[in-house]
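J.: First, the structure itself, so that you have it in front of you.
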Amino acid sequence: MGDLNPSADIPTPILHSRFLEKALHINSSTSLIHSYKSIFNGFVALLTNDEVRRISAMEEVVSVFPNRKNHMHTTKSWDFLKFPETVSRVEKVESNIIVGVIDSGIWPEFHSFSDVGMRSPPRKWKGSCDGLKHFKCNNKIIGARHYRRNGKFSRQDIISPRDTIGHGTHVASIIAGNLVSSANFYGLGQGTARGGVPSSRIAVYKVVWTDGSDDIDIIAAFEDAIKDGVDIISISMGKHTDTNYLKDSITVGSFQAMRKGIMTICSAGNDGPKHGTVVNISPWVLTVAASSTDRKIETHLKLGNAQTFVGTTLNAFNQTKFFTLVYAGDVPNTRAMVSGNTSRLCLDKFSLDVRRVKGKIVICDAYNVGDAALTAGAAGMVILSNNNYVRDFMTFALPALFVGNNRDSIEVMTYLKRKKYFWNTTTASILKSNETFDQFVPYIASFSSTGPNPITPQILKPDLSAPGVRILAAWTHNNSPSFSMLDSRRVSYNILSGTSMACPHAAAAAAYVKSFHPSWSPAAIKSALITTAFEMSARATPIAEFGYGAGLINPVGAINPGLVYDANLADYVPFLCGQNYTNEQLSLITGDKIACTHYGNQTSLNLNMPSFSFPIIPSNTTFSVSVNRSVTNVGSSKTVYYAEIRTPPTFTIRVVPSTLSFTNVGQIKSFTLIVEGIMNHMIAVSASLSWISSTNKVKSPIVIFGSYIQ
């Protein structure tokens with residue numbers, strides 16, 4: 001997640017497969033075994049490399065892969081989505097919807113999770129909170145579990161579903177938090193905090209600890225969530241997927257959830273804006289990018305010569321006086337043999353000289369969490385920008401900001417050096433952050449990971465976007481708002497940014513749609529959200545669909561989409577056949593005998609998705625590609641839809657047939673989309689197909705791009 005950066009992947013050795021329970025003893029290895037007849041209900045064992053090779057050859061073993069860490073991806077947002085408190089709801093159905101949150105746990109005592117006025121959990125619920133220490137469920141938080149198969153905990157970990165970090169609490173309150181008035185973060189974001197489906201229930205599955213989360217715990221959490229009876233799963237974490245879909249715990253777990261009619265919503269990742277960085281890319285999940293709202297927060301740096309610079313970060317400290325300004329490279333901790341070349345980065349906690357830094361504002365050359373400045377007693381910290389990546393989601397344990405661009409960084413250093421040369425004192429003041437209105441919204445945040453899909457470019461990812469910048473939501477009392485152990489502050493609400501915050505907005509929207517249409521499949525709900533999304537401008541987000549997918553999520557519009565592109569297990573199996581898995585592997589996943597009759601990426605193009613992605617090898621010759629889709633009428637019984645195509649002049653796009661006539665609800669119609677032209681460049685080109693009736697517009701994004709784009 002952008003708001004947290006746990007340690008790098010550590011290949012913890014584990015075995016996950018009950019059928020091997022008696023066959024192996026604990027030893028050492030780096031591999032995770034999956035049996036898809038008993039994909040969950042795991043058994044842990046450590047293996048030697050020889051044992052890994054032997055197990056890989058056994059029946060019922062689909063794949064062997066490292067047990068790696070999965071990284072979390074870290075209110076006005078609902079009003080910004082035109083989703084007010086007074087929105088129409090089916091309260092009785094919404095209160096029976098259970099959202100499973102796989103994350104870092106929850107802080108249950110907050111008003112956001114009060115169960116006042118709520119009935120007992122729905123009868124379908126099979127989970128519990130039995131045997132938990134220092135944690136109580138209620139009629140809002142109806143279930144809570146925690147997982148740590150390797151048994152390793154730090155001093156900061158609370159061994160229960162209670163949230164140590166804050167991330168899970170934040171996510172859960174965005175989805176289903178109660179209405180809480182006067183919520184704010186030190187005066188910022190003042191207003192009523194609320195979740196998208198405040199009547200819904202929450203089931204907590206804690207897999208994230210202070211050092212991240214492991215694949216084996218994520219798989220166990222999916223297993224329990226499915227058995228417990230959740231309706232929606234939200235998981236705001238992930239990692240870069242191998243070229244094999246079967247080697248990713250979230251992909252595998254969400255596939256099993258899809259089989260049971262449970263929709264999984266995932267974050268897209270925070271490694272943008274580079275192409276091909278999007279994660280959680282399987283077609284059966286909804287992958288969400290982070291977009292902005294019109295809430296902009298700025299922090300000002302004033303220099304002693306009256307120059308003012310607008311920087312980023314959330315500075316909650318209300319200081320107005322000026323402090324002496326020093327450069328970290330000039331104040332190394334020489335007693336600890338630290339050089340100026342090291343101290344300028346402020347990365348080492350003890351790299352700065354306390355005698356020369358205490359009570360001053362220190363300028364650092366690299367992003368850091370602020371521990372070095374705090375340890376040295378600094379009054380504030382300025383981090384110079386050496387690139388265009390803006391970390392506007394950070395808060396620190398002391399007054400701090402990022403100087404926004406290289407030019408401003410140069411001017412700050414020029415002021416410092418000029419004054420130093422003339423033996424004058426250089427001073428500066430870091431003012432408390434203030435809120436302004438962002439007139440350029442919506443656009444995709446620079447940190448949000450982008451497409452194309454690195455494994456299957458024929459599947460457009462991310463699917464859509466949701467608010468993920470400067471989101472106010474509930475927080476844990478076990479952690480500071482800055483994540484620093486040196487920060488003693490404790491708050492009930494915090495402001496974070498990241499695709500981790502976008503994901504729960506989409507999860508709440510999915511739950512909202514399900515409350516109107518309880519029988520809809522995950523694919524139908526996903527289609528409704530994609531085809532009704534608010535349009536976003538490529539001027540504000542030049543990477544266009546690779547950044548925002550279909551656009552900005554529109555919960556109200558999604559309850560009446562008119563048509564849906566539905567899909568189920570029978571659709572995803574041919575897709576997986578096209579990824580060159582063996583019949584045996586697929587049989588173990590699905591539980592049925594599978595006989596793939598063909599292989600190749602054409603099956604990816606024909607998967608019944610509500611979006612279209614065409615990777616074309618650049619050439620000076622004309623190409624022609626066609627794909628098949630089907631739509632199901634979920635609107636009026638007698639309706640006619642006409643195709644409207646927006647296409648650039650360099651390509652020809654047509655639909656056969658161009659008119660779809662429906663006589664009843666539930667009727668299915670098929671069509672073929674044909675794209676022709678010359679792909680003599682590698683840039684991406686945007687187009688769209690909309691099916692329009694007298695009451696509905698069902699819009700699908702189309703992207704045509706050079707297949708070498710990465």
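If you're wondering about the labels, chains in the structure tokens are A, B, ... by order shown, residues count from 1 in each chain, ligands from 1 in order shown.
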Set the distance at 8 Å and use only C-alpha atoms: which residues neighbour segment 226-231 of chain A once local chain neighbours fewer than 2 positions away are removed? I'd like the list as a list in words.
T.: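 These residues fall inside the cut-off: Ile97, Ile98, Val99, Gly100, Lys124, Trp125, Lys126, Gly127, Ala203, Phe222, Glu223, Asp224, Ile233, Ala257, Lys260, Gly261, Ile262, Met263 and Ala511 of chain A.
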J.: For those residues, write N, CA and C atoms to a file as a CSV table (one decimal), in the first residue's frame.
T.:
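Saved file result_13.csv follows:
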```csv
chain,number,residue,atom,x,y,z
A,97,ILE,N,-26.3,-8.2,4.7
A,97,ILE,CA,-25.1,-8.3,3.8
A,97,ILE,C,-23.9,-8.3,4.8
A,98,ILE,N,-23.0,-9.3,4.6
A,98,ILE,CA,-21.8,-9.5,5.4
A,98,ILE,C,-20.6,-9.2,4.5
A,99,VAL,N,-19.8,-8.2,4.9
A,99,VAL,CA,-18.6,-7.9,4.2
A,99,VAL,C,-17.4,-8.5,5.0
A,100,GLY,N,-16.7,-9.4,4.3
A,100,GLY,CA,-15.4,-9.9,4.9
A,100,GLY,C,-14.3,-9.0,4.6
A,124,LYS,N,-27.8,-17.0,8.0
A,124,LYS,CA,-26.8,-17.7,7.2
A,124,LYS,C,-25.4,-17.6,7.7
A,125,TRP,N,-25.2,-16.7,8.7
A,125,TRP,CA,-23.9,-16.5,9.3
A,125,TRP,C,-23.4,-17.8,10.1
A,126,LYS,N,-22.2,-18.3,9.7
A,126,LYS,CA,-21.7,-19.5,10.4
A,126,LYS,C,-20.4,-19.2,11.2
A,127,GLY,N,-20.0,-17.9,11.2
A,127,GLY,CA,-18.7,-17.6,11.9
A,127,GLY,C,-19.0,-17.3,13.3
A,203,ALA,N,-17.2,-8.8,9.0
A,203,ALA,CA,-16.5,-10.0,9.5
A,203,ALA,C,-15.0,-9.7,9.3
A,222,PHE,N,-9.4,-16.6,3.3
A,222,PHE,CA,-10.4,-16.8,2.3
A,222,PHE,C,-11.2,-18.1,2.6
A,223,GLU,N,-10.6,-19.1,3.0
A,223,GLU,CA,-11.3,-20.4,3.3
A,223,GLU,C,-12.4,-20.1,4.4
A,224,ASP,N,-12.0,-19.5,5.4
A,224,ASP,CA,-12.9,-19.2,6.5
A,224,ASP,C,-14.0,-18.3,6.1
A,233,ILE,N,-16.0,-9.8,-0.3
A,233,ILE,CA,-14.7,-9.8,0.4
A,233,ILE,C,-13.9,-8.6,-0.1
A,257,ALA,N,-13.8,-18.1,-3.9
A,257,ALA,CA,-14.9,-17.3,-3.5
A,257,ALA,C,-15.9,-17.1,-4.7
A,260,LYS,N,-18.4,-19.8,-5.2
A,260,LYS,CA,-19.5,-19.8,-4.2
A,260,LYS,C,-20.3,-18.6,-4.3
A,261,GLY,N,-20.1,-17.8,-5.3
A,261,GLY,CA,-21.0,-16.6,-5.5
A,261,GLY,C,-20.6,-15.4,-4.7
A,262,ILE,N,-19.3,-15.4,-4.2
A,262,ILE,CA,-18.8,-14.3,-3.4
A,262,ILE,C,-17.9,-13.4,-4.2
A,263,MET,N,-18.2,-12.1,-4.2
A,263,MET,CA,-17.4,-11.2,-5.0
A,263,MET,C,-16.2,-10.7,-4.2
A,511,ALA,N,-21.5,-4.0,-2.3
A,511,ALA,CA,-22.5,-4.4,-1.3
A,511,ALA,C,-23.8,-3.7,-1.5
```
J.: Do a neighbour search on Asp130 of chain A at 12 Å with only C-alpha atoms, toss out local chain neighbours closer than 6 positions, and write the hits as a PyMOL selection string.
T.: chain A and resi 136-137+142-146+160-161
J.: Limited to N, CA and C atoms, could you put the picked residues into a file as a short mmCIF file (atom, residue, chain, number, x, y, z; two decimals), in the first residue's frame?
T.:
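This is the output file result_21.cif:
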```
data_model
loop_
_atom_site.label_atom_id
_atom_site.label_comp_id
_atom_site.auth_asym_id
_atom_site.auth_seq_id
_atom_site.Cartn_x
_atom_site.Cartn_y
_atom_site.Cartn_z
N LYS A 136 -14.15 -8.30 21.73
CA LYS A 136 -15.55 -8.69 21.76
C LYS A 136 -16.24 -8.30 20.46
N CYS A 137 -17.01 -9.22 19.92
CA CYS A 137 -17.84 -8.92 18.76
C CYS A 137 -19.17 -8.34 19.23
N ILE A 142 -19.61 -9.07 13.48
CA ILE A 142 -20.23 -10.34 13.87
C ILE A 142 -19.26 -11.51 13.86
N GLY A 143 -18.06 -11.30 13.38
CA GLY A 143 -17.08 -12.38 13.38
C GLY A 143 -15.68 -11.81 13.31
N ALA A 144 -14.73 -12.50 13.92
CA ALA A 144 -13.35 -12.04 13.90
C ALA A 144 -12.41 -13.22 14.09
N ARG A 145 -11.42 -13.30 13.22
CA ARG A 145 -10.41 -14.36 13.29
C ARG A 145 -9.04 -13.74 13.04
N HIS A 146 -7.99 -14.42 13.50
CA HIS A 146 -6.63 -13.98 13.20
C HIS A 146 -5.79 -15.19 12.84
N SER A 160 -4.55 -11.15 18.50
CA SER A 160 -6.01 -11.23 18.44
C SER A 160 -6.43 -10.47 17.18
N PRO A 161 -7.72 -10.44 16.86
CA PRO A 161 -8.16 -9.64 15.70
C PRO A 161 -8.07 -8.13 15.92
#
```
J.: Kindly indicate which residue among A:Val93, A:Leu246, A:Val640, A:Val441 lies nearest to Ser537 of chain A, using only C-alpha atoms for the distances.
T.: A:Val441
J.: Show me, as a ChimeraX atom specification, the residues that have an atom within 12 Å of Ala306 of chain A when counting only C-alpha atoms, minus same-chain residues fewer than 6 positions from it.
T.: /A:300,322,412,415,426-429
J.: Can I get the selection written as a CSV table (one decimal), in the first residue's frame, with C-alpha atoms?
T.:
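Heads up, here's the output in out03.csv:
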```csv
chain,number,residue,atom,x,y,z
A,300,HIS,CA,3.2,25.8,3.3
A,322,PHE,CA,10.5,30.5,12.6
A,412,VAL,CA,15.4,26.5,-1.0
A,415,TYR,CA,18.5,30.5,0.1
A,426,THR,CA,18.6,31.1,7.7
A,427,THR,CA,15.2,30.5,9.1
A,428,ALA,CA,12.0,28.8,8.0
A,429,SER,CA,8.5,28.0,9.3
```
J.: Smallest atom-to-atom distance to Leu563 of chain A: which of A:Gly191, A:Gly304, A:Pro457, A:Gly635, using only C-alpha atoms?
T.: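 Distance minimum relative to Leu563 of chain A lands on A:Gly635.
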J.: So, counting only C-alpha atoms, which residue among A:Thr395, A:Thr164, A:Ser433, A:Ser154 is closest to Leu496 of chain A?
T.: A:Thr395
J.: Taking 5 positions as the minimum chain separation for residues in the same chain, which residues sit within 6 Å of segment 692-709 of chain A when counting only C-alpha atoms? Answer as a ChimeraX atom specification.
T.: /A:531,550,562,610-618,640-642,682-687
J.: Could you take the residues named above and write them with N, CA and C atoms, as a PDB file, in the first residue's frame?
T.:
```
ATOM      1  N   THR A 531     -19.889  -0.602 -16.190  1.00  0.00           N
ATOM      2  CA  THR A 531     -20.595   0.019 -17.320  1.00  0.00           C
ATOM      3  C   THR A 531     -21.360   1.280 -16.943  1.00  0.00           C
ATOM      4  N   ALA A 550     -12.583   1.808 -16.426  1.00  0.00           N
ATOM      5  CA  ALA A 550     -13.816   2.321 -17.017  1.00  0.00           C
ATOM      6  C   ALA A 550     -14.153   3.723 -16.534  1.00  0.00           C
ATOM      7  N   GLY A 562     -29.200  -1.746 -16.668  1.00  0.00           N
ATOM      8  CA  GLY A 562     -29.868  -2.084 -17.928  1.00  0.00           C
ATOM      9  C   GLY A 562     -29.438  -3.432 -18.460  1.00  0.00           C
ATOM     10  N   PRO A 610     -16.915  -6.798 -19.359  1.00  0.00           N
ATOM     11  CA  PRO A 610     -17.555  -5.556 -19.805  1.00  0.00           C
ATOM     12  C   PRO A 610     -16.560  -4.516 -20.294  1.00  0.00           C
ATOM     13  N   SER A 611     -15.351  -4.935 -20.639  1.00  0.00           N
ATOM     14  CA  SER A 611     -14.337  -4.040 -21.173  1.00  0.00           C
ATOM     15  C   SER A 611     -13.579  -4.769 -22.264  1.00  0.00           C
ATOM     16  N   PHE A 612     -12.851  -4.001 -23.094  1.00  0.00           N
ATOM     17  CA  PHE A 612     -12.152  -4.569 -24.242  1.00  0.00           C
ATOM     18  C   PHE A 612     -10.722  -4.047 -24.268  1.00  0.00           C
ATOM     19  N   SER A 613      -9.776  -4.959 -24.401  1.00  0.00           N
ATOM     20  CA  SER A 613      -8.369  -4.579 -24.453  1.00  0.00           C
ATOM     21  C   SER A 613      -7.707  -5.335 -25.596  1.00  0.00           C
ATOM     22  N   PHE A 614      -7.117  -4.584 -26.535  1.00  0.00           N
ATOM     23  CA  PHE A 614      -6.542  -5.186 -27.741  1.00  0.00           C
ATOM     24  C   PHE A 614      -5.050  -4.876 -27.841  1.00  0.00           C
ATOM     25  N   PRO A 615      -4.187  -5.791 -27.395  1.00  0.00           N
ATOM     26  CA  PRO A 615      -2.749  -5.608 -27.629  1.00  0.00           C
ATOM     27  C   PRO A 615      -2.410  -6.027 -29.056  1.00  0.00           C
ATOM     28  N   ILE A 616      -1.869  -5.098 -29.829  1.00  0.00           N
ATOM     29  CA  ILE A 616      -1.581  -5.347 -31.244  1.00  0.00           C
ATOM     30  C   ILE A 616      -0.086  -5.126 -31.500  1.00  0.00           C
ATOM     31  N   ILE A 617       0.546  -6.071 -32.169  1.00  0.00           N
ATOM     32  CA  ILE A 617       1.946  -5.899 -32.537  1.00  0.00           C
ATOM     33  C   ILE A 617       2.043  -4.818 -33.609  1.00  0.00           C
ATOM     34  N   PRO A 618       2.791  -3.750 -33.341  1.00  0.00           N
ATOM     35  CA  PRO A 618       2.898  -2.659 -34.333  1.00  0.00           C
ATOM     36  C   PRO A 618       3.401  -3.164 -35.682  1.00  0.00           C
ATOM     37  N   VAL A 640     -35.117  -1.925 -26.544  1.00  0.00           N
ATOM     38  CA  VAL A 640     -34.232  -1.984 -27.704  1.00  0.00           C
ATOM     39  C   VAL A 640     -32.995  -1.144 -27.399  1.00  0.00           C
ATOM     40  N   TYR A 641     -31.816  -1.727 -27.636  1.00  0.00           N
ATOM     41  CA  TYR A 641     -30.550  -1.029 -27.435  1.00  0.00           C
ATOM     42  C   TYR A 641     -29.856  -0.834 -28.780  1.00  0.00           C
ATOM     43  N   TYR A 642     -29.299   0.355 -28.964  1.00  0.00           N
ATOM     44  CA  TYR A 642     -28.558   0.684 -30.176  1.00  0.00           C
ATOM     45  C   TYR A 642     -27.083   0.897 -29.823  1.00  0.00           C
ATOM     46  N   MET A 682       3.201   2.593 -30.781  1.00  0.00           N
ATOM     47  CA  MET A 682       3.032   1.815 -29.557  1.00  0.00           C
ATOM     48  C   MET A 682       2.153   2.492 -28.523  1.00  0.00           C
ATOM     49  N   ILE A 683       1.652   3.677 -28.795  1.00  0.00           N
ATOM     50  CA  ILE A 683       0.839   4.370 -27.806  1.00  0.00           C
ATOM     51  C   ILE A 683      -0.534   3.732 -27.704  1.00  0.00           C
ATOM     52  N   ALA A 684      -1.192   3.953 -26.594  1.00  0.00           N
ATOM     53  CA  ALA A 684      -2.533   3.421 -26.397  1.00  0.00           C
ATOM     54  C   ALA A 684      -3.570   4.383 -26.964  1.00  0.00           C
ATOM     55  N   VAL A 685      -4.603   3.833 -27.553  1.00  0.00           N
ATOM     56  CA  VAL A 685      -5.690   4.612 -28.139  1.00  0.00           C
ATOM     57  C   VAL A 685      -6.985   4.219 -27.447  1.00  0.00           C
ATOM     58  N   SER A 686      -7.771   5.216 -27.035  1.00  0.00           N
ATOM     59  CA  SER A 686      -9.015   4.974 -26.319  1.00  0.00           C
ATOM     60  C   SER A 686     -10.210   5.019 -27.258  1.00  0.00           C
ATOM     61  N   ALA A 687     -11.152   4.134 -26.997  1.00  0.00           N
ATOM     62  CA  ALA A 687     -12.424   4.117 -27.713  1.00  0.00           C
ATOM     63  C   ALA A 687     -13.468   3.595 -26.735  1.00  0.00           C
TER      64      ALA A 687
END
```
J.: Identify, on the basis of only C-alpha atoms, every residue whose closest approach to segment 311-318 of chain A does not exceed 8 Å; exclude the query and any residue fewer than 2 positions from it along the same chain; express the result as a list of chain:residue names.
T.: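 What passes the distance filter is A:Phe185, A:Tyr186, A:Ile297, A:Glu298, A:Thr299, A:His300, A:Leu301, A:Phe309, A:Thr320, A:Val390, A:Arg391, A:Asp392, A:Phe393, A:Met394, A:Thr395, A:Phe396, A:Leu398, A:Pro399, A:Ala400, A:Leu401, A:Phe402, A:Val403, A:Gly404, A:Leu431, A:Lys432, A:Ser433.
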J.: When distances are computed from only C-alpha atoms, which of A:Ser343, A:Ser515, A:Ser624, A:Ser199 shows the smallest separation from Ile653 of chain A?
T.: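 Going through A:Ser343, A:Ser515, A:Ser624, A:Ser199 one by one, the smallest distance to Ile653 of chain A is for A:Ser624.
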J.: Please provide the set of residues having any atom within 8 Å of segment 449-455 of chain A, restricted to only C-alpha atoms, with same-chain residues fewer than 6 positions apart removed, written as a compact mmCIF listing (two decimals) with N, CA and C atoms, in the first residue's frame.
T.:
```txt
# COMPACT_ATOMS: atom_id res chain seq x y z
N ASP A 242 3.32 -13.59 -10.43
CA ASP A 242 4.16 -14.30 -11.38
C ASP A 242 3.41 -14.46 -12.69
N THR A 243 4.07 -15.03 -13.69
CA THR A 243 3.42 -15.27 -14.96
C THR A 243 2.40 -16.38 -14.86
N ASN A 244 2.26 -16.95 -13.70
CA ASN A 244 1.34 -18.06 -13.46
C ASN A 244 0.26 -17.62 -12.48
N ALA A 268 -5.42 -2.00 -6.60
CA ALA A 268 -4.59 -2.12 -7.81
C ALA A 268 -3.10 -2.02 -7.52
N GLY A 269 -2.73 -1.54 -6.34
CA GLY A 269 -1.31 -1.37 -6.01
C GLY A 269 -0.88 0.08 -6.08
N ASN A 270 0.24 0.37 -5.45
CA ASN A 270 0.72 1.75 -5.33
C ASN A 270 2.11 1.94 -5.93
N ASP A 271 2.33 1.36 -7.09
CA ASP A 271 3.63 1.45 -7.75
C ASP A 271 3.58 2.27 -9.03
N GLY A 272 2.55 3.11 -9.18
CA GLY A 272 2.44 3.94 -10.36
C GLY A 272 3.44 5.07 -10.35
N PRO A 273 3.51 5.84 -11.44
CA PRO A 273 2.65 5.74 -12.62
C PRO A 273 3.23 4.89 -13.74
N LYS A 274 4.26 4.11 -13.50
CA LYS A 274 4.88 3.31 -14.55
C LYS A 274 3.89 2.29 -15.10
N HIS A 275 3.95 2.05 -16.43
CA HIS A 275 3.08 1.08 -17.07
C HIS A 275 3.32 -0.33 -16.54
N GLY A 276 2.25 -1.13 -16.53
CA GLY A 276 2.36 -2.55 -16.22
C GLY A 276 2.63 -2.87 -14.77
N THR A 277 2.31 -1.95 -13.84
CA THR A 277 2.57 -2.20 -12.42
C THR A 277 1.34 -2.68 -11.67
N VAL A 278 0.18 -2.75 -12.30
CA VAL A 278 -1.05 -3.14 -11.63
C VAL A 278 -0.96 -4.57 -11.12
N VAL A 279 -1.55 -4.80 -9.94
CA VAL A 279 -1.58 -6.13 -9.33
C VAL A 279 -3.04 -6.55 -9.15
N ILE A 281 -4.83 -9.03 -10.84
CA ILE A 281 -5.26 -8.85 -12.22
C ILE A 281 -6.14 -9.97 -12.76
N ALA A 289 -8.37 1.26 -8.86
CA ALA A 289 -7.33 2.29 -8.82
C ALA A 289 -7.76 3.41 -7.88
N LYS A 461 -6.98 -4.00 -16.95
CA LYS A 461 -6.82 -3.74 -15.53
C LYS A 461 -6.10 -2.42 -15.36
N PRO A 462 -6.44 -1.60 -14.34
CA PRO A 462 -7.52 -1.82 -13.38
C PRO A 462 -8.90 -1.75 -14.02
N GLU A 545 -7.34 4.81 -19.72
CA GLU A 545 -7.90 3.56 -19.19
C GLU A 545 -6.87 2.72 -18.44
N PHE A 546 -5.61 2.83 -18.78
CA PHE A 546 -4.58 2.10 -18.04
C PHE A 546 -4.45 2.64 -16.61
N GLY A 547 -4.99 3.83 -16.37
CA GLY A 547 -4.98 4.40 -15.03
C GLY A 547 -6.30 4.23 -14.32
N ILE A 709 3.98 -2.21 -25.04
CA ILE A 709 3.89 -1.24 -23.95
C ILE A 709 4.02 -1.97 -22.62
N GLN A 710 4.95 -1.53 -21.81
CA GLN A 710 5.10 -2.07 -20.45
C GLN A 710 5.57 -0.94 -19.54
```
J.: Please, what distance in Å, to one decimal, runs between atom CA of Lys92 of chain A and atom CA of Leu179 of chain A?
T.: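 So the two atoms, atom CA of Lys92 of chain A and atom CA of Leu179 of chain A, lie 17.6 Å apart.
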J.: Considering only C-alpha atoms, can you say which of A:Phe323, A:Ser282, A:Ala183, A:Ile218 comes closest to Tyr245 of chain A?
T.: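 Answer, going by the shortest atom-to-atom distance: A:Ser282.
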J.: Any idea what's packed within 9 Å of Ala366 of chain A, counting only C-alpha atoms, ignoring anything in its chain fewer than 4 positions away? Could you give it as a short mmCIF file (atom, residue, chain, number, x, y, z; two decimals) with N, CA and C atoms, in the first residue's frame?
T.:
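Saved the output as out35.cif:
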```cif
data_model
loop_
_atom_site.label_atom_id
_atom_site.label_comp_id
_atom_site.auth_asym_id
_atom_site.auth_seq_id
_atom_site.Cartn_x
_atom_site.Cartn_y
_atom_site.Cartn_z
N ARG A 344 22.96 13.40 4.98
CA ARG A 344 22.07 14.22 4.13
C ARG A 344 20.78 13.49 3.78
N LEU A 345 20.79 12.15 3.84
CA LEU A 345 19.62 11.36 3.48
C LEU A 345 18.64 11.20 4.65
N CYS A 346 19.15 11.38 5.87
CA CYS A 346 18.31 11.24 7.08
C CYS A 346 17.67 9.86 7.21
N LEU A 347 18.33 8.85 6.68
CA LEU A 347 17.77 7.50 6.71
C LEU A 347 18.17 6.74 7.97
N ILE A 383 11.82 17.74 3.18
CA ILE A 383 12.39 16.73 2.29
C ILE A 383 12.37 17.29 0.88
N LEU A 384 13.54 17.39 0.28
CA LEU A 384 13.63 17.94 -1.07
C LEU A 384 13.16 16.92 -2.09
N SER A 385 12.50 17.41 -3.12
CA SER A 385 11.98 16.54 -4.17
C SER A 385 13.04 16.36 -5.25
N ASN A 386 13.31 15.10 -5.59
CA ASN A 386 14.24 14.84 -6.71
C ASN A 386 13.54 14.12 -7.85
#
```
J.: Could you state the separation of atom CA of Tyr548 of chain A and atom CA of Asp214 of chain A in Å, given to one decimal place?
T.: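 Spanning atom CA of Tyr548 of chain A to atom CA of Asp214 of chain A is a straight-line distance of 28.6 Å.
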